[in-house]
Amino acid sequence: MLQEYLLFNDEFQAVDFPILTASNRSFKFGDGLFESMRMINNKLQFADLHADRLTAGMKALKIDGHALMDDYFLRQKTADLAKRNRWNGNVRFRLSVYRGGAGVYTPEINKAGYILEGIPLKASTYELNSKGLIIDVFDEMTKPVNKLSNFKTANALLYVMAGIFKSQNRLDEAMILNQYGFLCESISANVFVVYNKQIYTPSLAEGCISGVMRTAIMQLCKMNDMPLIEAQINPEILKEAEEVFITNATQGIQWVMGYGRKRYFNEVSKFLIEKLNAL
């Protein structure tokens, strides 16, 4: 995997040497955020939604330079990296943004640095998983609800611990609860539940990531007259639901097959991924 290290000073300037050191604030304090993005056939998907979330997250963290990281910037930099590495136009990208400079908990400056890295993919469409996921609820830790909850910050210990729980219990994915005990999200995706032919997803007020694919799926549902409600969801609904699926920007939609002894269908997820690829 080839990585491009890009330093964000007064101008965007690419450098050919590693810039991550032990003094990096993202490494020391989790002082940053990131975007996971997907390029399909040389087109960065949902660049405007990624730029909007990145801008909002940088504002929330009080990191300078957010006005420059617009959708044009994302398209240009991802295209440049794909071209440099002679990738086939299907790539998974991660843009990590961190607060540069020194300081301890109190930063000395608020300028941003960033790193863009990519992994080439073979698929040129979003593909629904052929085998449904097996899930369980991770309840050893819960996610706090605050002004940073909707962003993908560099502080990911909750997701790491949920990932360990997933591995130890031989699961495909784990559901995360918020501090009030309600359904929030999964380790790496937003959650949708079909119950009584109605689609539900946790509202942003429940502390879930403001997912780019979550927004896209909500728009698709509206376009196809499929009722969808953002709500506070008791995890007990997983025992009664007809269908459960999760979404993120790189994988699209993944359907869940089982939770304990409960088994689910995948009709809605199949329909939505067809509409997603049609976009």
# chains A, B, ... in the order shown; residues from 1 in each chain; ligands from 1
>>> select_by_dssp(residues="region 158-226 of chain A", states="strand (DSSP E)", output="VMD selection string")
chain A and resid 173 to 178 183 to 186 190 to 195 198 to 202
>>> write_last_selection(atoms="N, CA, C and O atoms", output="PDB file, in the first residue's frame")
ATOM      1  N   GLU A 173     -19.910  -8.741  13.374  1.00  0.00           N
ATOM      2  CA  GLU A 173     -20.082  -7.331  13.718  1.00  0.00           C
ATOM      3  C   GLU A 173     -20.696  -7.256  15.110  1.00  0.00           C
ATOM      4  O   GLU A 173     -21.310  -8.214  15.594  1.00  0.00           O
ATOM      5  N   ALA A 174     -20.518  -6.109  15.761  1.00  0.00           N
ATOM      6  CA  ALA A 174     -21.090  -5.895  17.085  1.00  0.00           C
ATOM      7  C   ALA A 174     -21.825  -4.563  17.110  1.00  0.00           C
ATOM      8  O   ALA A 174     -21.373  -3.581  16.516  1.00  0.00           O
ATOM      9  N   MET A 175     -22.958  -4.545  17.789  1.00  0.00           N
ATOM     10  CA  MET A 175     -23.753  -3.336  17.933  1.00  0.00           C
ATOM     11  C   MET A 175     -23.325  -2.577  19.187  1.00  0.00           C
ATOM     12  O   MET A 175     -23.098  -3.186  20.244  1.00  0.00           O
ATOM     13  N   ILE A 176     -23.220  -1.263  19.062  1.00  0.00           N
ATOM     14  CA  ILE A 176     -22.789  -0.400  20.156  1.00  0.00           C
ATOM     15  C   ILE A 176     -23.986   0.385  20.685  1.00  0.00           C
ATOM     16  O   ILE A 176     -24.806   0.885  19.909  1.00  0.00           O
ATOM     17  N   LEU A 177     -24.083   0.494  22.001  1.00  0.00           N
ATOM     18  CA  LEU A 177     -25.148   1.245  22.649  1.00  0.00           C
ATOM     19  C   LEU A 177     -24.636   2.612  23.076  1.00  0.00           C
ATOM     20  O   LEU A 177     -23.441   2.792  23.329  1.00  0.00           O
ATOM     21  N   ASN A 178     -25.543   3.586  23.178  1.00  0.00           N
ATOM     22  CA  ASN A 178     -25.135   4.880  23.714  1.00  0.00           C
ATOM     23  C   ASN A 178     -25.227   4.865  25.245  1.00  0.00           C
ATOM     24  O   ASN A 178     -25.586   3.852  25.850  1.00  0.00           O
ATOM     25  N   LEU A 183     -29.801   1.751  21.060  1.00  0.00           N
ATOM     26  CA  LEU A 183     -29.004   1.367  19.910  1.00  0.00           C
ATOM     27  C   LEU A 183     -28.377   2.612  19.283  1.00  0.00           C
ATOM     28  O   LEU A 183     -29.055   3.612  19.051  1.00  0.00           O
ATOM     29  N   CYS A 184     -27.061   2.529  19.000  1.00  0.00           N
ATOM     30  CA  CYS A 184     -26.344   3.690  18.473  1.00  0.00           C
ATOM     31  C   CYS A 184     -25.813   3.417  17.071  1.00  0.00           C
ATOM     32  O   CYS A 184     -26.212   4.086  16.115  1.00  0.00           O
ATOM     33  N   GLU A 185     -24.937   2.429  16.940  1.00  0.00           N
ATOM     34  CA  GLU A 185     -24.312   2.105  15.663  1.00  0.00           C
ATOM     35  C   GLU A 185     -23.610   0.765  15.806  1.00  0.00           C
ATOM     36  O   GLU A 185     -23.719   0.112  16.850  1.00  0.00           O
ATOM     37  N   SER A 186     -22.879   0.351  14.782  1.00  0.00           N
ATOM     38  CA  SER A 186     -22.025  -0.832  14.912  1.00  0.00           C
ATOM     39  C   SER A 186     -20.573  -0.366  14.962  1.00  0.00           C
ATOM     40  O   SER A 186     -20.304   0.835  15.025  1.00  0.00           O
ATOM     41  N   ASN A 190     -23.356   2.543  10.310  1.00  0.00           N
ATOM     42  CA  ASN A 190     -24.656   2.918  10.859  1.00  0.00           C
ATOM     43  C   ASN A 190     -25.617   1.740  10.759  1.00  0.00           C
ATOM     44  O   ASN A 190     -25.416   0.832   9.955  1.00  0.00           O
ATOM     45  N   VAL A 191     -26.659   1.768  11.560  1.00  0.00           N
ATOM     46  CA  VAL A 191     -27.577   0.633  11.694  1.00  0.00           C
ATOM     47  C   VAL A 191     -28.979   1.014  11.217  1.00  0.00           C
ATOM     48  O   VAL A 191     -29.479   2.103  11.532  1.00  0.00           O
ATOM     49  N   PHE A 192     -29.595   0.104  10.464  1.00  0.00           N
ATOM     50  CA  PHE A 192     -30.986   0.255  10.035  1.00  0.00           C
ATOM     51  C   PHE A 192     -31.742  -1.007  10.433  1.00  0.00           C
ATOM     52  O   PHE A 192     -31.229  -2.120  10.284  1.00  0.00           O
ATOM     53  N   VAL A 193     -32.956  -0.812  10.919  1.00  0.00           N
ATOM     54  CA  VAL A 193     -33.792  -1.922  11.375  1.00  0.00           C
ATOM     55  C   VAL A 193     -35.146  -1.840  10.682  1.00  0.00           C
ATOM     56  O   VAL A 193     -35.765  -0.766  10.647  1.00  0.00           O
ATOM     57  N   VAL A 194     -35.582  -2.949  10.112  1.00  0.00           N
ATOM     58  CA  VAL A 194     -36.906  -3.014   9.496  1.00  0.00           C
ATOM     59  C   VAL A 194     -37.834  -3.749  10.457  1.00  0.00           C
ATOM     60  O   VAL A 194     -37.597  -4.917  10.799  1.00  0.00           O
ATOM     61  N   TYR A 195     -38.884  -3.054  10.897  1.00  0.00           N
ATOM     62  CA  TYR A 195     -39.814  -3.613  11.879  1.00  0.00           C
ATOM     63  C   TYR A 195     -41.233  -3.221  11.486  1.00  0.00           C
ATOM     64  O   TYR A 195     -41.529  -2.043  11.288  1.00  0.00           O
ATOM     65  N   GLN A 198     -41.553  -1.021   8.469  1.00  0.00           N
ATOM     66  CA  GLN A 198     -41.109   0.368   8.635  1.00  0.00           C
ATOM     67  C   GLN A 198     -39.606   0.354   8.899  1.00  0.00           C
ATOM     68  O   GLN A 198     -39.113  -0.464   9.676  1.00  0.00           O
ATOM     69  N   ILE A 199     -38.854   1.248   8.239  1.00  0.00           N
ATOM     70  CA  ILE A 199     -37.407   1.306   8.426  1.00  0.00           C
ATOM     71  C   ILE A 199     -37.083   2.333   9.510  1.00  0.00           C
ATOM     72  O   ILE A 199     -37.565   3.462   9.481  1.00  0.00           O
ATOM     73  N   TYR A 200     -36.261   1.907  10.454  1.00  0.00           N
ATOM     74  CA  TYR A 200     -35.819   2.785  11.540  1.00  0.00           C
ATOM     75  C   TYR A 200     -34.296   2.870  11.540  1.00  0.00           C
ATOM     76  O   TYR A 200     -33.609   1.904  11.201  1.00  0.00           O
ATOM     77  N   THR A 201     -33.790   4.024  11.961  1.00  0.00           N
ATOM     78  CA  THR A 201     -32.357   4.179  12.192  1.00  0.00           C
ATOM     79  C   THR A 201     -32.173   5.123  13.369  1.00  0.00           C
ATOM     80  O   THR A 201     -32.986   6.042  13.566  1.00  0.00           O
ATOM     81  N   PRO A 202     -31.160   4.896  14.209  1.00  0.00           N
ATOM     82  CA  PRO A 202     -30.940   5.816  15.332  1.00  0.00           C
ATOM     83  C   PRO A 202     -30.755   7.249  14.845  1.00  0.00           C
ATOM     84  O   PRO A 202     -30.065   7.493  13.848  1.00  0.00           O
TER      85      PRO A 202
END
>>> closest_residue(among="A:Lys262, A:His66, A:Arg94, A:Lys83", to="Lys152 (chain A)", atoms="only C-alpha atoms")
A:Arg94
>>> residues_around(residues="Asn248 (chain A)", least_positions_apart="4", cutoff="6 Å", atoms="only C-alpha atoms", output="list in words")
Ala189, Met213 and Gly252 of chain A
>>> atom_distance(atom1="CA of Leu54 (chain A)", atom2="CA of Gln179 (chain A)")
24.7 Å
>>> closest_residue(among="A:Phe29, A:Phe151, A:Tyr98, A:Phe138", to="Ile63 (chain A)", atoms="only C-alpha atoms")
A:Tyr98
>>> residues_around(residues="Thr55 (chain A)", least_positions_apart="2", cutoff="10 Å", atoms="only C-alpha atoms", output="ChimeraX atom specification")
/A:49-53,57-61,63-70
>>> residues_around(residues="region 162-172 of chain A", least_positions_apart="5", cutoff="9 Å", atoms="only C-alpha atoms", output="compact mmCIF listing (two decimals) with all heavy atoms, in the first residue's frame")
# COMPACT_ATOMS: atom_id res chain seq x y z
N GLY A 132 -24.95 -13.49 5.13
CA GLY A 132 -25.35 -12.48 6.11
C GLY A 132 -24.47 -12.48 7.34
O GLY A 132 -23.86 -13.49 7.72
N LEU A 133 -24.38 -11.32 8.00
CA LEU A 133 -23.55 -11.16 9.18
C LEU A 133 -24.22 -11.75 10.42
O LEU A 133 -25.44 -11.74 10.55
CB LEU A 133 -23.28 -9.68 9.43
CG LEU A 133 -22.72 -8.85 8.27
CD1 LEU A 133 -22.54 -7.40 8.71
CD2 LEU A 133 -21.40 -9.43 7.78
N ILE A 134 -23.39 -12.24 11.32
CA ILE A 134 -23.85 -12.66 12.65
C ILE A 134 -23.41 -11.59 13.64
O ILE A 134 -22.22 -11.22 13.68
CB ILE A 134 -23.25 -14.03 13.05
CG1 ILE A 134 -23.68 -15.11 12.05
CG2 ILE A 134 -23.70 -14.40 14.46
CD1 ILE A 134 -25.18 -15.35 11.99
N ILE A 135 -24.35 -11.09 14.44
CA ILE A 135 -24.05 -9.96 15.32
C ILE A 135 -24.43 -10.27 16.77
O ILE A 135 -25.13 -11.24 17.06
CB ILE A 135 -24.81 -8.69 14.88
CG1 ILE A 135 -26.33 -8.90 15.05
CG2 ILE A 135 -24.47 -8.31 13.45
CD1 ILE A 135 -27.14 -7.62 14.97
N ASP A 136 -23.94 -9.42 17.66
CA ASP A 136 -24.39 -9.39 19.04
C ASP A 136 -24.24 -7.96 19.53
O ASP A 136 -23.64 -7.11 18.84
CB ASP A 136 -23.58 -10.36 19.92
CG ASP A 136 -24.34 -10.77 21.18
OD1 ASP A 136 -25.38 -10.14 21.48
OD2 ASP A 136 -23.88 -11.70 21.87
N PHE A 138 -22.64 -5.28 22.00
CA PHE A 138 -21.50 -5.01 22.88
C PHE A 138 -21.98 -4.06 23.98
O PHE A 138 -22.36 -2.93 23.70
CB PHE A 138 -20.36 -4.38 22.08
CG PHE A 138 -19.20 -3.90 22.90
CD1 PHE A 138 -18.38 -4.81 23.55
CD2 PHE A 138 -18.92 -2.54 23.02
CE1 PHE A 138 -17.30 -4.39 24.31
CE2 PHE A 138 -17.85 -2.10 23.77
CZ PHE A 138 -17.03 -3.03 24.41
N ASP A 139 -21.97 -4.53 25.23
CA ASP A 139 -22.49 -3.70 26.32
C ASP A 139 -21.48 -3.50 27.45
O ASP A 139 -21.84 -3.04 28.54
CB ASP A 139 -23.79 -4.29 26.87
CG ASP A 139 -23.63 -5.72 27.38
OD1 ASP A 139 -22.48 -6.22 27.39
OD2 ASP A 139 -24.64 -6.33 27.76
N GLU A 140 -20.20 -3.84 27.20
CA GLU A 140 -19.19 -3.64 28.22
C GLU A 140 -18.85 -2.15 28.38
O GLU A 140 -18.44 -1.71 29.45
CB GLU A 140 -17.92 -4.41 27.86
CG GLU A 140 -18.12 -5.93 27.83
CD GLU A 140 -16.89 -6.64 27.29
OE1 GLU A 140 -15.80 -6.01 27.21
OE2 GLU A 140 -17.01 -7.83 26.94
N MET A 141 -19.00 -1.40 27.31
CA MET A 141 -18.79 0.04 27.31
C MET A 141 -19.89 0.67 26.46
O MET A 141 -20.44 0.00 25.58
CB MET A 141 -17.42 0.41 26.72
CG MET A 141 -16.24 -0.15 27.46
SD MET A 141 -14.68 0.11 26.55
CE MET A 141 -14.63 1.91 26.45
N LEU A 157 -11.05 4.17 20.83
CA LEU A 157 -10.88 3.06 21.76
C LEU A 157 -12.17 2.26 21.98
O LEU A 157 -12.13 1.04 22.15
CB LEU A 157 -10.34 3.56 23.11
CG LEU A 157 -8.82 3.77 23.17
CD1 LEU A 157 -8.42 4.35 24.52
CD2 LEU A 157 -8.10 2.45 22.92
N SER A 186 -22.88 0.35 14.78
CA SER A 186 -22.02 -0.83 14.91
C SER A 186 -20.57 -0.37 14.96
O SER A 186 -20.30 0.83 15.02
CB SER A 186 -22.25 -1.79 13.74
OG SER A 186 -21.64 -1.31 12.57
N ILE A 187 -19.64 -1.29 14.94
CA ILE A 187 -18.23 -0.92 15.05
C ILE A 187 -17.81 0.03 13.94
O ILE A 187 -17.11 1.01 14.18
CB ILE A 187 -17.33 -2.18 15.01
CG1 ILE A 187 -17.63 -3.08 16.23
CG2 ILE A 187 -15.85 -1.80 15.00
CD1 ILE A 187 -16.91 -4.42 16.17
>>> residues_around(residues="Leu272 (chain A)", least_positions_apart="4", cutoff="12 Å", atoms="only C-alpha atoms", output="VMD selection string")
chain A and resid 126 to 128 192 199 213 to 214 216 to 226 245 to 247 252 to 255 266 to 268 276 to 279
>>> write_last_selection(atoms="N, CA and C atoms", output="compact mmCIF listing (two decimals), in the first residue's frame")
# COMPACT_ATOMS: atom_id res chain seq x y z
N TYR A 126 -20.88 -1.30 -5.50
CA TYR A 126 -21.14 -1.71 -4.13
C TYR A 126 -21.73 -3.12 -4.19
N GLU A 127 -21.17 -4.03 -3.40
CA GLU A 127 -21.60 -5.42 -3.45
C GLU A 127 -22.21 -5.85 -2.12
N LEU A 128 -23.42 -6.38 -2.20
CA LEU A 128 -24.07 -6.90 -1.00
C LEU A 128 -23.40 -8.21 -0.60
N PHE A 192 -29.60 0.10 10.46
CA PHE A 192 -30.99 0.26 10.04
C PHE A 192 -31.74 -1.01 10.43
N ILE A 199 -38.85 1.25 8.24
CA ILE A 199 -37.41 1.31 8.43
C ILE A 199 -37.08 2.33 9.51
N MET A 213 -22.98 7.31 4.03
CA MET A 213 -23.87 6.33 3.42
C MET A 213 -25.22 6.32 4.12
N ARG A 214 -25.25 6.62 5.39
CA ARG A 214 -26.52 6.76 6.11
C ARG A 214 -27.37 7.83 5.44
N ALA A 216 -27.07 8.94 2.36
CA ALA A 216 -27.43 8.49 1.01
C ALA A 216 -28.60 7.51 1.04
N ILE A 217 -28.60 6.60 2.00
CA ILE A 217 -29.69 5.61 2.11
C ILE A 217 -30.99 6.31 2.48
N MET A 218 -30.92 7.29 3.36
CA MET A 218 -32.12 8.03 3.73
C MET A 218 -32.69 8.76 2.52
N GLN A 219 -31.80 9.30 1.67
CA GLN A 219 -32.25 9.97 0.46
C GLN A 219 -32.88 8.98 -0.52
N LEU A 220 -32.28 7.79 -0.64
CA LEU A 220 -32.82 6.76 -1.52
C LEU A 220 -34.21 6.32 -1.05
N CYS A 221 -34.38 6.18 0.24
CA CYS A 221 -35.68 5.79 0.78
C CYS A 221 -36.73 6.83 0.44
N LYS A 222 -36.36 8.09 0.57
CA LYS A 222 -37.31 9.17 0.26
C LYS A 222 -37.66 9.16 -1.22
N MET A 223 -36.67 8.94 -2.08
CA MET A 223 -36.89 8.92 -3.53
C MET A 223 -37.79 7.76 -3.95
N ASN A 224 -37.78 6.69 -3.18
CA ASN A 224 -38.55 5.49 -3.53
C ASN A 224 -39.77 5.28 -2.64
N ASP A 225 -40.17 6.35 -1.95
CA ASP A 225 -41.38 6.32 -1.11
C ASP A 225 -41.35 5.19 -0.09
N MET A 226 -40.18 5.00 0.52
CA MET A 226 -40.03 4.00 1.56
C MET A 226 -39.98 4.73 2.90
N PHE A 245 -29.75 -4.16 8.67
CA PHE A 245 -28.59 -3.99 7.80
C PHE A 245 -27.78 -2.80 8.28
N ILE A 246 -26.50 -2.79 7.90
CA ILE A 246 -25.59 -1.72 8.31
C ILE A 246 -25.00 -1.07 7.06
N THR A 247 -24.58 0.18 7.20
CA THR A 247 -24.09 0.93 6.03
C THR A 247 -22.85 1.73 6.39
N GLY A 252 -20.85 0.21 1.42
CA GLY A 252 -22.24 0.38 0.98
C GLY A 252 -23.18 -0.20 2.01
N ILE A 253 -23.81 -1.33 1.68
CA ILE A 253 -24.79 -1.98 2.55
C ILE A 253 -24.36 -3.42 2.83
N GLN A 254 -24.48 -3.83 4.09
CA GLN A 254 -24.27 -5.22 4.47
C GLN A 254 -25.48 -5.69 5.26
N TRP A 255 -26.01 -6.86 4.89
CA TRP A 255 -27.19 -7.34 5.59
C TRP A 255 -26.79 -8.30 6.71
N ASN A 266 -33.45 -10.23 3.83
CA ASN A 266 -32.60 -9.17 3.25
C ASN A 266 -33.24 -8.52 2.03
N GLU A 267 -34.57 -8.48 1.99
CA GLU A 267 -35.26 -7.93 0.83
C GLU A 267 -35.01 -6.43 0.67
N VAL A 268 -35.10 -5.69 1.76
CA VAL A 268 -34.92 -4.24 1.69
C VAL A 268 -33.48 -3.89 1.32
N LEU A 276 -28.69 2.05 -5.07
CA LEU A 276 -27.45 2.72 -4.79
C LEU A 276 -26.49 2.64 -5.99
N ASN A 277 -26.35 1.46 -6.54
CA ASN A 277 -25.48 1.28 -7.70
C ASN A 277 -26.02 1.98 -8.94
N ALA A 278 -27.34 2.13 -9.01
CA ALA A 278 -27.93 2.83 -10.15
C ALA A 278 -27.58 4.32 -10.15
N LEU A 279 -27.22 4.85 -8.97
CA LEU A 279 -26.83 6.26 -8.89
C LEU A 279 -25.53 6.51 -9.64
>>> select_by_dssp(residues="region 27-178 of chain A", states="helix (DSSP H, G or I)", output="number ranges by chain")
A: 27-29, 47-61, 66-68, 71-84, 157-168
>>> atom_distance(atom1="CA of Glu35 (chain A)", atom2="CA of Ser96 (chain A)")
6.6 Å
>>> residues_around(residues="Thr106 (chain A)", least_positions_apart="6", cutoff="12 Å", atoms="only C-alpha atoms", output="MDAnalysis selection string")
chainID A and resid 25 29 31 99
>>> write_last_selection(atoms="N, CA, C and O atoms", output="JSON list (two decimals), in the first residue's frame")
[["chain", "number", "residue", "atom", "x", "y", "z"],
["A", 25, "ARG", "N", 0.09, 15.09, 17.44],
["A", 25, "ARG", "CA", -1.00, 15.25, 18.41],
["A", 25, "ARG", "C", -2.10, 14.19, 18.25],
["A", 25, "ARG", "O", -2.77, 13.87, 19.21],
["A", 29, "PHE", "N", -2.70, 12.36, 21.60],
["A", 29, "PHE", "CA", -3.94, 12.76, 22.27],
["A", 29, "PHE", "C", -5.22, 12.39, 21.53],
["A", 29, "PHE", "O", -6.31, 12.72, 21.98],
["A", 31, "ASP", "N", -6.01, 13.76, 18.81],
["A", 31, "ASP", "CA", -6.44, 15.11, 18.45],
["A", 31, "ASP", "C", -6.59, 15.21, 16.93],
["A", 31, "ASP", "O", -5.74, 15.77, 16.23],
["A", 99, "ARG", "N", -4.42, 18.05, 14.32],
["A", 99, "ARG", "CA", -3.95, 19.39, 14.70],
["A", 99, "ARG", "C", -2.42, 19.35, 14.76],
["A", 99, "ARG", "O", -1.83, 18.52, 15.47]]
>>> closest_residue(among="A:Asn129, A:Ser124, A:Ser269, A:Gln76", to="Arg38 (chain A)", atoms="only C-alpha atoms")
A:Ser124
>>> closest_residue(among="A:Trp87, A:Phe93, A:Phe46, A:Phe27", to="Tyr72 (chain A)", atoms="only C-alpha atoms")
A:Phe46
>>> closest_residue(among="A:Phe34, A:Tyr259, A:Phe182, A:Phe271", to="Gly207 (chain A)", atoms="only C-alpha atoms")
A:Phe182
